[in-house]
$ cat input_25.txt   # compact mmCIF, C-alpha atoms and all ligand atoms
# COMPACT_ATOMS: atom_id res chain seq x y z
CA MET A 15 7.17 19.75 34.27
CA VAL A 16 6.12 18.08 31.05
CA ALA A 17 9.00 19.70 29.18
CA SER A 18 11.57 18.39 31.61
CA VAL A 19 9.99 14.95 31.62
CA ILE A 20 10.12 14.56 27.89
CA CYS A 21 13.80 15.29 28.04
CA GLY A 22 15.30 14.64 24.61
CA LEU A 23 11.96 15.38 23.03
CA THR A 24 11.93 18.94 24.30
CA ARG A 25 14.19 20.10 21.52
CA HIS A 26 11.88 18.36 19.12
CA VAL A 27 8.84 20.25 20.34
CA VAL A 28 10.64 23.57 20.22
CA THR A 29 11.69 22.96 16.62
CA ARG A 30 8.11 22.29 15.70
CA THR A 31 6.81 25.52 17.09
CA ALA A 32 9.47 27.55 15.29
CA PRO A 33 9.90 26.16 11.77
CA LYS A 34 13.04 27.35 10.04
CA ILE A 35 12.65 29.70 7.12
CA PRO A 36 15.11 28.93 4.34
CA VAL A 37 17.60 31.72 3.83
CA GLN A 38 16.84 32.14 0.15
CA SER A 39 13.18 32.79 0.79
CA LEU A 40 14.13 35.96 2.62
CA ALA A 41 13.89 38.70 -0.02
CA GLY A 42 16.19 37.04 -2.52
CA VAL A 43 19.21 37.01 -0.25
CA VAL A 44 21.89 34.86 -1.83
CA SER A 45 21.97 31.62 0.08
CA SER A 46 25.02 29.54 0.89
CA ARG A 47 22.86 26.56 -0.11
CA LYS A 48 23.08 26.98 -3.86
CA PHE A 49 23.71 24.03 -6.13
CA SER A 50 26.73 23.29 -8.07
CA GLU A 51 26.10 20.39 -10.40
CA LYS A 52 25.65 17.14 -8.47
CA ALA A 53 26.77 18.96 -5.35
CA ARG A 54 25.91 17.62 -2.00
CA TYR A 55 23.00 19.45 -0.47
CA THR A 56 24.30 21.21 2.55
CA MET A 57 21.59 20.34 5.02
CA SER A 58 23.35 18.16 7.53
CA TYR A 59 21.75 15.37 9.52
CA GLU A 60 22.84 12.42 11.62
CA THR A 61 20.25 9.89 10.42
CA LEU A 62 19.64 11.22 6.91
CA ASP A 63 21.90 11.66 3.94
CA VAL A 64 20.58 14.48 1.79
CA THR A 65 22.00 14.98 -1.69
CA SER A 66 20.95 16.61 -4.90
CA PRO A 67 21.50 14.22 -7.83
CA HIS A 68 20.12 16.74 -10.28
CA GLU A 69 19.04 20.32 -10.18
CA ARG A 70 15.58 20.71 -8.60
CA ILE A 71 15.62 17.14 -7.21
CA LEU A 72 16.55 16.16 -3.68
CA HIS A 73 17.39 12.64 -2.54
CA VAL A 74 16.75 11.98 1.14
CA GLN A 75 18.28 8.69 2.19
CA MET A 76 17.69 7.20 5.63
CA ASN A 77 21.20 6.53 6.78
CA ARG A 78 21.52 4.13 9.71
CA PRO A 79 22.41 1.06 7.67
CA ASP A 80 23.95 -0.81 10.63
CA LYS A 81 20.59 -0.62 12.39
CA LEU A 82 18.60 -1.28 9.22
CA ASN A 83 17.42 2.34 9.29
CA ALA A 84 15.48 1.79 12.49
CA MET A 85 13.79 5.03 13.52
CA ASN A 86 15.36 6.49 16.66
CA LYS A 87 14.77 9.71 18.59
CA VAL A 88 17.10 11.72 16.37
CA PHE A 89 15.41 10.43 13.22
CA TRP A 90 11.92 11.56 14.31
CA ARG A 91 13.18 15.11 14.71
CA GLU A 92 15.36 15.16 11.61
CA ILE A 93 12.79 13.81 9.17
CA LEU A 94 10.39 16.53 10.30
CA ASP A 95 12.96 19.32 10.05
CA CYS A 96 14.17 18.05 6.69
CA PHE A 97 10.76 17.88 5.01
CA ARG A 98 9.63 21.19 6.46
CA GLU A 99 12.73 22.80 5.03
CA ILE A 100 12.26 21.13 1.66
CA SER A 101 8.63 22.21 1.52
CA ASP A 102 9.67 25.87 1.60
CA ASP A 103 12.72 25.52 -0.63
CA THR A 104 11.90 27.05 -4.00
CA ASP A 105 14.95 25.34 -5.58
CA ILE A 106 13.40 21.92 -5.06
CA ARG A 107 10.53 20.45 -7.07
CA VAL A 108 10.64 16.72 -6.31
CA VAL A 109 11.98 14.56 -3.47
CA ILE A 110 13.17 10.96 -3.56
CA LEU A 111 13.13 8.97 -0.31
CA SER A 112 15.16 5.77 0.07
CA GLY A 113 17.09 3.73 2.64
CA ALA A 114 20.84 3.01 2.80
CA GLY A 115 22.18 -0.52 3.29
CA ARG A 116 20.38 -3.80 2.99
CA MET A 117 16.80 -2.68 3.59
CA PHE A 118 14.55 0.35 3.47
CA SER A 119 13.67 0.38 7.19
CA ALA A 120 13.16 -1.98 10.14
CA GLY A 121 10.68 0.53 11.61
CA LEU A 122 10.64 1.89 15.12
CA ASP A 123 13.96 1.61 16.95
CA ILE A 124 12.93 -0.85 19.60
CA GLY A 125 15.94 -0.22 21.87
CA ASP A 126 15.33 3.49 21.74
CA MET A 127 11.66 3.02 22.61
CA ALA A 128 12.54 0.65 25.46
CA ASP A 129 14.88 3.33 26.88
CA LEU A 130 12.13 5.89 26.66
CA ILE A 131 9.65 3.63 28.40
CA THR A 132 12.13 2.88 31.19
CA SER A 133 13.44 6.39 31.60
CA GLN A 134 10.20 8.30 31.18
CA VAL A 135 6.91 6.42 31.05
CA SER A 136 7.46 3.90 33.80
CA LYS A 137 8.63 6.60 36.20
CA LYS A 138 5.20 8.16 36.21
CA SER A 139 3.11 7.06 39.12
CA ASP A 140 -0.30 7.22 37.55
CA VAL A 141 -2.10 5.91 34.47
CA ALA A 142 -3.37 9.37 33.48
CA ARG A 143 0.16 10.86 33.56
CA ARG A 144 1.59 7.95 31.59
CA ALA A 145 -1.25 8.23 29.07
CA LYS A 146 -0.75 11.97 28.63
CA TYR A 147 2.95 11.45 28.03
CA LEU A 148 2.34 8.73 25.46
CA GLN A 149 -0.33 10.76 23.72
CA SER A 150 2.04 13.67 23.19
CA LEU A 151 4.80 11.32 22.05
CA ILE A 152 2.55 9.68 19.45
CA ALA A 153 1.38 13.11 18.26
CA ILE A 154 5.00 14.19 17.79
CA TYR A 155 5.88 11.07 15.81
CA GLN A 156 2.73 11.44 13.70
CA GLU A 157 3.72 15.00 12.83
CA SER A 158 7.09 13.73 11.59
CA PHE A 159 5.37 11.66 8.90
CA ASN A 160 2.63 14.23 8.26
CA ALA A 161 5.49 16.49 7.13
CA LEU A 162 5.94 14.35 3.98
CA GLU A 163 2.27 14.65 3.10
CA LYS A 164 2.30 18.37 3.88
CA CYS A 165 5.50 18.92 1.88
CA GLN A 166 4.46 20.96 -1.14
CA LYS A 167 6.68 18.91 -3.44
CA PRO A 168 5.84 15.34 -4.55
CA VAL A 169 7.74 12.69 -2.59
CA ILE A 170 8.69 9.42 -4.33
CA ALA A 171 9.48 6.46 -2.07
CA ALA A 172 12.02 3.98 -3.46
CA VAL A 173 11.87 0.81 -1.36
CA HIS A 174 14.26 -2.13 -1.39
CA GLY A 175 14.37 -5.11 1.01
CA GLY A 176 12.26 -4.92 4.16
CA CYS A 177 9.88 -2.11 4.94
CA ILE A 178 8.52 -2.77 8.40
CA GLY A 179 6.10 -1.05 10.80
CA GLY A 180 7.06 2.63 10.85
CA GLY A 181 8.57 2.13 7.38
CA VAL A 182 5.10 1.37 6.03
CA ASP A 183 3.64 4.39 7.88
CA LEU A 184 6.37 6.51 6.31
CA ILE A 185 5.82 5.47 2.70
CA ALA A 186 2.05 5.67 3.13
CA ALA A 187 2.59 9.44 3.50
CA CYS A 188 4.51 9.61 0.19
CA ASP A 189 2.98 10.49 -3.17
CA ILE A 190 4.40 7.65 -5.27
CA ARG A 191 5.88 4.30 -4.24
CA TYR A 192 8.33 2.25 -6.35
CA CYS A 193 10.07 -0.90 -5.10
CA THR A 194 12.50 -3.66 -6.04
CA GLN A 195 11.61 -7.27 -6.66
CA ASP A 196 13.13 -8.22 -3.29
CA ALA A 197 11.07 -5.68 -1.34
CA TRP A 198 8.60 -6.79 1.30
CA PHE A 199 6.17 -4.84 3.42
CA GLN A 200 5.09 -5.78 6.91
CA VAL A 201 2.62 -3.97 9.15
CA LYS A 202 4.16 -5.65 12.16
CA GLU A 203 2.44 -3.84 15.01
CA VAL A 204 -0.22 -6.51 15.66
CA ASP A 205 2.57 -9.02 16.30
CA LEU A 206 4.00 -6.61 18.85
CA GLY A 207 0.63 -6.27 20.57
CA PHE A 208 -0.64 -2.88 19.48
CA ALA A 209 -2.42 -1.12 16.61
CA PRO A 210 -0.38 1.03 14.21
CA ASP A 211 -0.70 4.71 15.05
CA LEU A 212 1.37 6.68 12.55
CA GLY A 213 -0.83 6.68 9.46
CA THR A 214 -0.98 3.15 8.05
CA LEU A 215 -4.57 2.59 9.18
CA GLN A 216 -5.67 6.02 7.97
CA ARG A 217 -3.79 6.37 4.68
CA ILE A 218 -3.46 2.90 3.16
CA PRO A 219 -7.21 2.15 2.91
CA LYS A 220 -7.55 5.44 1.03
CA THR A 221 -4.65 4.55 -1.27
CA VAL A 222 -5.42 0.92 -2.02
CA GLY A 223 -8.73 -0.18 -3.51
CA ASN A 224 -8.61 -3.69 -2.05
CA ASN A 225 -9.83 -3.13 1.51
CA SER A 226 -10.07 -6.85 2.21
CA MET A 227 -6.39 -7.26 1.37
CA VAL A 228 -5.44 -4.23 3.49
CA ARG A 229 -7.18 -5.71 6.52
CA GLU A 230 -5.66 -9.13 5.90
CA MET A 231 -2.19 -7.57 5.78
CA ILE A 232 -2.77 -5.58 8.97
CA TYR A 233 -4.55 -8.21 11.09
CA THR A 234 -2.05 -10.97 10.27
CA ALA A 235 1.14 -8.84 10.25
CA ARG A 236 2.37 -11.07 7.44
CA LYS A 237 5.00 -10.06 4.92
CA VAL A 238 3.58 -8.80 1.65
CA GLU A 239 5.96 -9.32 -1.26
CA ALA A 240 6.60 -6.77 -4.02
CA GLY A 241 4.34 -8.44 -6.60
CA GLU A 242 1.45 -8.63 -4.16
CA ALA A 243 1.98 -4.99 -3.13
CA LYS A 244 1.80 -3.99 -6.79
CA GLY A 245 -1.29 -6.15 -7.34
CA MET A 246 -3.12 -4.34 -4.54
CA GLY A 247 -1.99 -0.94 -5.83
CA PHE A 248 0.25 -0.02 -2.90
CA VAL A 249 3.29 0.39 -5.18
CA SER A 250 3.08 1.46 -8.79
CA GLN A 251 6.21 -0.21 -10.22
CA VAL A 252 8.52 -3.12 -9.33
CA PHE A 253 12.14 -3.26 -10.58
CA PRO A 254 14.65 -6.11 -10.68
CA ASN A 255 17.15 -4.40 -8.36
CA LYS A 256 17.95 -1.16 -6.55
CA GLU A 257 20.24 0.20 -9.26
CA VAL A 258 17.55 -0.10 -11.93
CA MET A 259 14.92 1.27 -9.56
CA MET A 260 16.99 4.35 -8.67
CA SER A 261 17.68 5.05 -12.31
CA GLU A 262 13.94 4.86 -13.09
CA VAL A 263 13.11 6.96 -10.02
CA ASP A 264 15.55 9.59 -11.29
CA LYS A 265 13.78 9.64 -14.66
CA LEU A 266 10.41 9.98 -12.98
CA ALA A 267 11.69 12.78 -10.74
CA GLU A 268 13.22 14.60 -13.71
CA SER A 269 9.99 14.36 -15.63
CA ILE A 270 7.99 15.83 -12.73
CA ALA A 271 10.65 18.49 -12.08
CA SER A 272 10.41 19.69 -15.69
CA LYS A 273 6.71 20.51 -15.31
CA SER A 274 5.19 23.71 -14.03
CA PRO A 275 5.56 23.84 -10.23
CA VAL A 276 2.32 25.81 -10.12
CA ALA A 277 0.57 22.86 -11.74
CA VAL A 278 2.34 20.05 -9.86
CA GLN A 279 2.07 21.63 -6.40
CA GLY A 280 -1.55 22.53 -7.15
CA CYS A 281 -2.26 18.90 -7.99
CA LYS A 282 -0.66 17.66 -4.75
CA VAL A 283 -2.57 20.00 -2.48
CA ALA A 284 -5.84 19.31 -4.31
CA LEU A 285 -5.39 15.52 -4.34
CA ASN A 286 -4.76 15.53 -0.59
CA TYR A 287 -7.66 17.89 0.05
CA SER A 288 -10.03 15.89 -2.11
CA ARG A 289 -9.05 12.61 -0.44
CA ASP A 290 -10.23 14.06 2.88
CA HIS A 291 -13.36 15.87 1.66
CA THR A 292 -16.49 15.27 -0.38
CA ILE A 293 -16.42 15.63 -4.18
CA SER A 294 -18.45 18.80 -3.90
CA GLU A 295 -16.00 20.30 -1.38
CA GLY A 296 -13.07 19.24 -3.56
CA LEU A 297 -14.60 20.91 -6.60
CA LYS A 298 -15.21 24.10 -4.63
CA PHE A 299 -11.59 23.98 -3.50
CA MET A 300 -10.50 23.87 -7.15
CA GLN A 301 -12.64 26.88 -8.04
CA CYS A 302 -10.84 28.86 -5.35
CA TRP A 303 -7.39 27.49 -6.21
CA ASN A 304 -7.59 27.94 -9.96
CA MET A 305 -9.29 31.32 -9.91
CA THR A 306 -5.80 32.49 -8.91
CA MET A 307 -3.49 29.92 -10.47
CA LEU A 308 -5.05 30.02 -13.94
CA GLN A 309 -3.68 33.56 -14.16
CA SER A 310 -0.12 32.30 -13.78
CA GLU A 311 2.52 32.80 -16.49
CA ASP A 312 2.94 29.02 -16.38
CA VAL A 313 -0.46 28.60 -18.05
CA ILE A 314 0.62 30.82 -20.93
CA LYS A 315 4.00 29.10 -21.30
CA GLY A 316 2.51 25.62 -21.04
CA SER A 317 -0.34 26.33 -23.46
CA GLU A 318 2.01 27.88 -26.03
CA ALA A 319 4.34 24.89 -25.85
CA VAL A 320 1.46 22.47 -26.34
CA ALA A 321 0.02 24.50 -29.22
CA LYS A 322 3.43 24.64 -30.94
CA LYS A 323 4.05 20.94 -30.27
CA ALA A 324 7.37 21.97 -28.69
CA GLU A 325 9.80 19.09 -28.21
CA LYS A 326 11.20 20.40 -24.94
CA PRO A 327 9.09 21.64 -22.03
CA PRO A 328 9.26 25.40 -21.48
CA HIS A 329 11.32 26.81 -18.63
CA PHE A 330 9.10 27.35 -15.63
CA SER A 331 10.35 29.69 -12.91
CA LYS A 332 10.79 28.69 -9.29
CA LEU A 333 7.75 28.78 -7.08
C1 LIG B 401 4.80 5.58 19.25
C2 LIG B 401 4.97 4.45 18.30
C3 LIG B 401 5.74 4.87 17.14
C4 LIG B 401 6.12 4.09 16.15
C5 LIG B 401 5.71 2.75 15.98
C6 LIG B 401 6.21 2.01 14.97
C7 LIG B 401 5.83 0.60 14.87
C8 LIG B 401 6.91 -0.28 14.29
O1 LIG B 401 7.80 0.13 13.60
S1 LIG B 401 6.67 -1.91 14.64
C9 LIG B 401 8.05 -2.68 13.89
C10 LIG B 401 9.29 -2.63 14.73
N1 LIG B 401 10.34 -3.34 14.05
C11 LIG B 401 10.53 -4.65 14.18
O2 LIG B 401 9.85 -5.35 14.88
C12 LIG B 401 11.68 -5.24 13.39
C13 LIG B 401 12.74 -5.78 14.32
N2 LIG B 401 13.84 -6.34 13.56
C14 LIG B 401 13.83 -7.56 13.04
O3 LIG B 401 12.89 -8.30 13.15
C15 LIG B 401 15.07 -8.01 12.32
O4 LIG B 401 16.14 -7.18 12.67
C16 LIG B 401 14.93 -8.00 10.78
C17 LIG B 401 14.42 -6.67 10.27
C18 LIG B 401 13.97 -9.11 10.34
C19 LIG B 401 16.31 -8.26 10.12
O5 LIG B 401 16.89 -9.40 10.70
P1 LIG B 401 18.43 -9.72 10.42
O6 LIG B 401 18.68 -9.65 8.97
O7 LIG B 401 18.73 -10.98 11.11
O8 LIG B 401 19.25 -8.52 11.07
P2 LIG B 401 19.49 -8.24 12.61
O9 LIG B 401 20.80 -8.84 12.99
O10 LIG B 401 18.33 -8.61 13.40
O11 LIG B 401 19.62 -6.65 12.64
C20 LIG B 401 20.80 -5.97 12.25
C21 LIG B 401 21.03 -4.83 13.20
O12 LIG B 401 19.94 -3.95 13.15
C22 LIG B 401 19.35 -3.80 14.45
N3 LIG B 401 17.90 -3.65 14.32
C23 LIG B 401 17.08 -4.27 13.47
N4 LIG B 401 15.83 -3.87 13.63
C24 LIG B 401 15.85 -2.95 14.62
C25 LIG B 401 14.84 -2.16 15.25
N5 LIG B 401 13.56 -2.19 14.84
N6 LIG B 401 15.20 -1.35 16.24
C26 LIG B 401 16.51 -1.26 16.62
N7 LIG B 401 17.49 -1.97 16.06
C27 LIG B 401 17.18 -2.82 15.07
C28 LIG B 401 19.72 -5.08 15.14
O13 LIG B 401 19.67 -4.92 16.54
C29 LIG B 401 21.13 -5.30 14.64
O14 LIG B 401 21.99 -4.42 15.31
P3 LIG B 401 23.35 -4.95 15.96
O15 LIG B 401 23.99 -3.75 16.56
O16 LIG B 401 24.13 -5.54 14.81
O17 LIG B 401 22.97 -5.99 16.96
$ encode --input "input_25.txt" --output "structure tokens"
Amino acid sequence: MVASVICGLTRHVVTRTAPKIPVQSLAGVVSSRKFSEKARYTMSYETLDVTSPHERILHVQMNRPDKLNAMNKVFWREILDCFREISDDTDIRVVILSGAGRMFSAGLDIGDMADLITSQVSKKSDVARRAKYLQSLIAIYQESFNALEKCQKPVIAAVHGGCIGGGVDLIAACDIRYCTQDAWFQVKEVDLGFAPDLGTLQRIPKTVGNNSMVREMIYTARKVEAGEAKGMGFVSQVFPNKEVMMSEVDKLAESIASKSPVAVQGCKVALNYSRDHTISEGLKFMQCWNMTMLQSEDVIKGSEAVAKKAEKPPHFSKL
């Protein structure tokens, strides 16, 4: 019953329970998804444009420019599938996330949501049935953005123009946020009459030291300009325009991609774990993590390069 009611979402749920395993992770089988230099990554999506600007780096661009990258039903499924696939792809070490067209994202696709309310929610006769439906819908959307945080590779958000509602939830789940001078951020949900539910309220207060400013931004739903976002620590760098930003993002991604994936992925998992646990639990986690990872060949290669003051980083194998 529930499956038939959630209609277009059924496919979504099924995908979640059976994550795809990348071909190349199956016993070294040669994949059709190998890179040629600057080749287009062959994952194919309707709402995302996925390319590989450099070896080991993937650029995921939200690609509904005519709708200001508003997040529709297809997007929620694709962003989840895409980041799950990237997480397991040993060819990839860093991901860049951006938006095509004149802004990063106008957030939730309001038309799409209105259709869903009319076609699904309002047809249910009872408050409990409507509530159950909405609860599972919110959980599905949350999982789409959790996928960025769970992705083993660092994700760099590159924001230009508006970043509204779901757009803020999305970048809150990223590791690093850069933006252009013309970027603005708006937690718009309060203006629409509800509280954000996809991570803004949970992640931003743990990212930004200025809790007073976070609450001001959320309660008023006002636009926060790039300089203010940097001042509060939500973004780490502001650039004059998108071209300059993307070039700097590339440099950042290349720098991270040149490092040991054992080290970088270890840092990501430990930073996320430590954010959600006590210091003592985080330290215990590191004992367990590094009692294995300190035995990696990467530690030998890295230490030798540092000791020899090598100009170039050593070659670290895929992980
Ligand atoms: C379960 C809950 C899950 C998720 C919850 C998420 C919460 C949110 O995301 S809340 C925020 C929702 N978004 C908004 O309220 C923004 C709405 N849009 C606007 O206010 C404006 O479009 C604008 C971003 C300020 C830009 O204005 P303007 O420059 O004048 O462009 P427009 O002509 O308005 O838009 C161009 C084109 O894009 C379509 N569009 C814009 N935003 C959305 C949207 N959020 N959903 C769907 N479509 C959107 C707009 O309709 C236009 O399309 P046309 O086909 O050209 O008409």
$ atom_distance --input "input_25.txt" --atom1 "CA of Pro67 in chain A" --atom2 "CA of Ser101 in chain A"
17.8 Å
$ atom_distance --input "input_25.txt" --atom1 "CA of Val278 in chain A" --atom2 "CA of Leu111 in chain A"
18.2 Å
$ residues_around --input "input_25.txt" --residues "range 303-320 of chain A" --least-positions-apart "6" --cutoff "10 Å" --atoms "all atoms listed in the file" --output "PyMOL selection string"
chain A and resi 273-277+280+283-284+297+326-331
$ atom_distance --input "input_25.txt" --atom1 "CA of Phe253 in chain A" --atom2 "CA of Thr194 in chain A"
4.6 Å
$ residues_near_point --input "input_25.txt" --point "(9.2, -2.4, 8.9)" --cutoff "7 Å" --atoms "only C-alpha atoms" --output "ChimeraX atom specification"
/A:119-121,176-182,199-202
$ residues_near_ligand --input "input_25.txt" --ligand "ligand LIG 401 (chain B)" --cutoff "9 Å" --atoms "all atoms listed in the file" --output "compact mmCIF listing (two decimals) with C-alpha atoms, in the frame of the given file"
# COMPACT_ATOMS: atom_id res chain seq x y z
CA ARG A 78 21.52 4.13 9.71
CA PRO A 79 22.41 1.06 7.67
CA ASP A 80 23.95 -0.81 10.63
CA LYS A 81 20.59 -0.62 12.39
CA LEU A 82 18.60 -1.28 9.22
CA ASN A 83 17.42 2.34 9.29
CA ALA A 84 15.48 1.79 12.49
CA MET A 85 13.79 5.03 13.52
CA ASN A 86 15.36 6.49 16.66
CA ARG A 116 20.38 -3.80 2.99
CA MET A 117 16.80 -2.68 3.59
CA SER A 119 13.67 0.38 7.19
CA ALA A 120 13.16 -1.98 10.14
CA GLY A 121 10.68 0.53 11.61
CA LEU A 122 10.64 1.89 15.12
CA ASP A 123 13.96 1.61 16.95
CA ILE A 124 12.93 -0.85 19.60
CA GLY A 125 15.94 -0.22 21.87
CA ASP A 126 15.33 3.49 21.74
CA MET A 127 11.66 3.02 22.61
CA LEU A 148 2.34 8.73 25.46
CA GLN A 149 -0.33 10.76 23.72
CA LEU A 151 4.80 11.32 22.05
CA ILE A 152 2.55 9.68 19.45
CA ALA A 153 1.38 13.11 18.26
CA ILE A 154 5.00 14.19 17.79
CA TYR A 155 5.88 11.07 15.81
CA GLN A 156 2.73 11.44 13.70
CA GLY A 176 12.26 -4.92 4.16
CA CYS A 177 9.88 -2.11 4.94
CA ILE A 178 8.52 -2.77 8.40
CA GLY A 179 6.10 -1.05 10.80
CA GLY A 180 7.06 2.63 10.85
CA GLY A 181 8.57 2.13 7.38
CA VAL A 182 5.10 1.37 6.03
CA ASP A 183 3.64 4.39 7.88
CA GLN A 200 5.09 -5.78 6.91
CA VAL A 201 2.62 -3.97 9.15
CA LYS A 202 4.16 -5.65 12.16
CA GLU A 203 2.44 -3.84 15.01
CA VAL A 204 -0.22 -6.51 15.66
CA ASP A 205 2.57 -9.02 16.30
CA LEU A 206 4.00 -6.61 18.85
CA PHE A 208 -0.64 -2.88 19.48
CA ALA A 209 -2.42 -1.12 16.61
CA PRO A 210 -0.38 1.03 14.21
CA ASP A 211 -0.70 4.71 15.05
CA LEU A 212 1.37 6.68 12.55
$ closest_residue --input "input_25.txt" --among "A:Ala128, A:Ala267, A:Ala114, A:Ile93" --to "Asp189 in chain A" --atoms "all atoms listed in the file"
A:Ala267
$ residues_around --input "input_25.txt" --residues "Cys96 in chain A" --least-positions-apart "4" --cutoff "8 Å" --atoms "all atoms listed in the file" --output "MDAnalysis selection string"
chainID A and resid 57 92 100
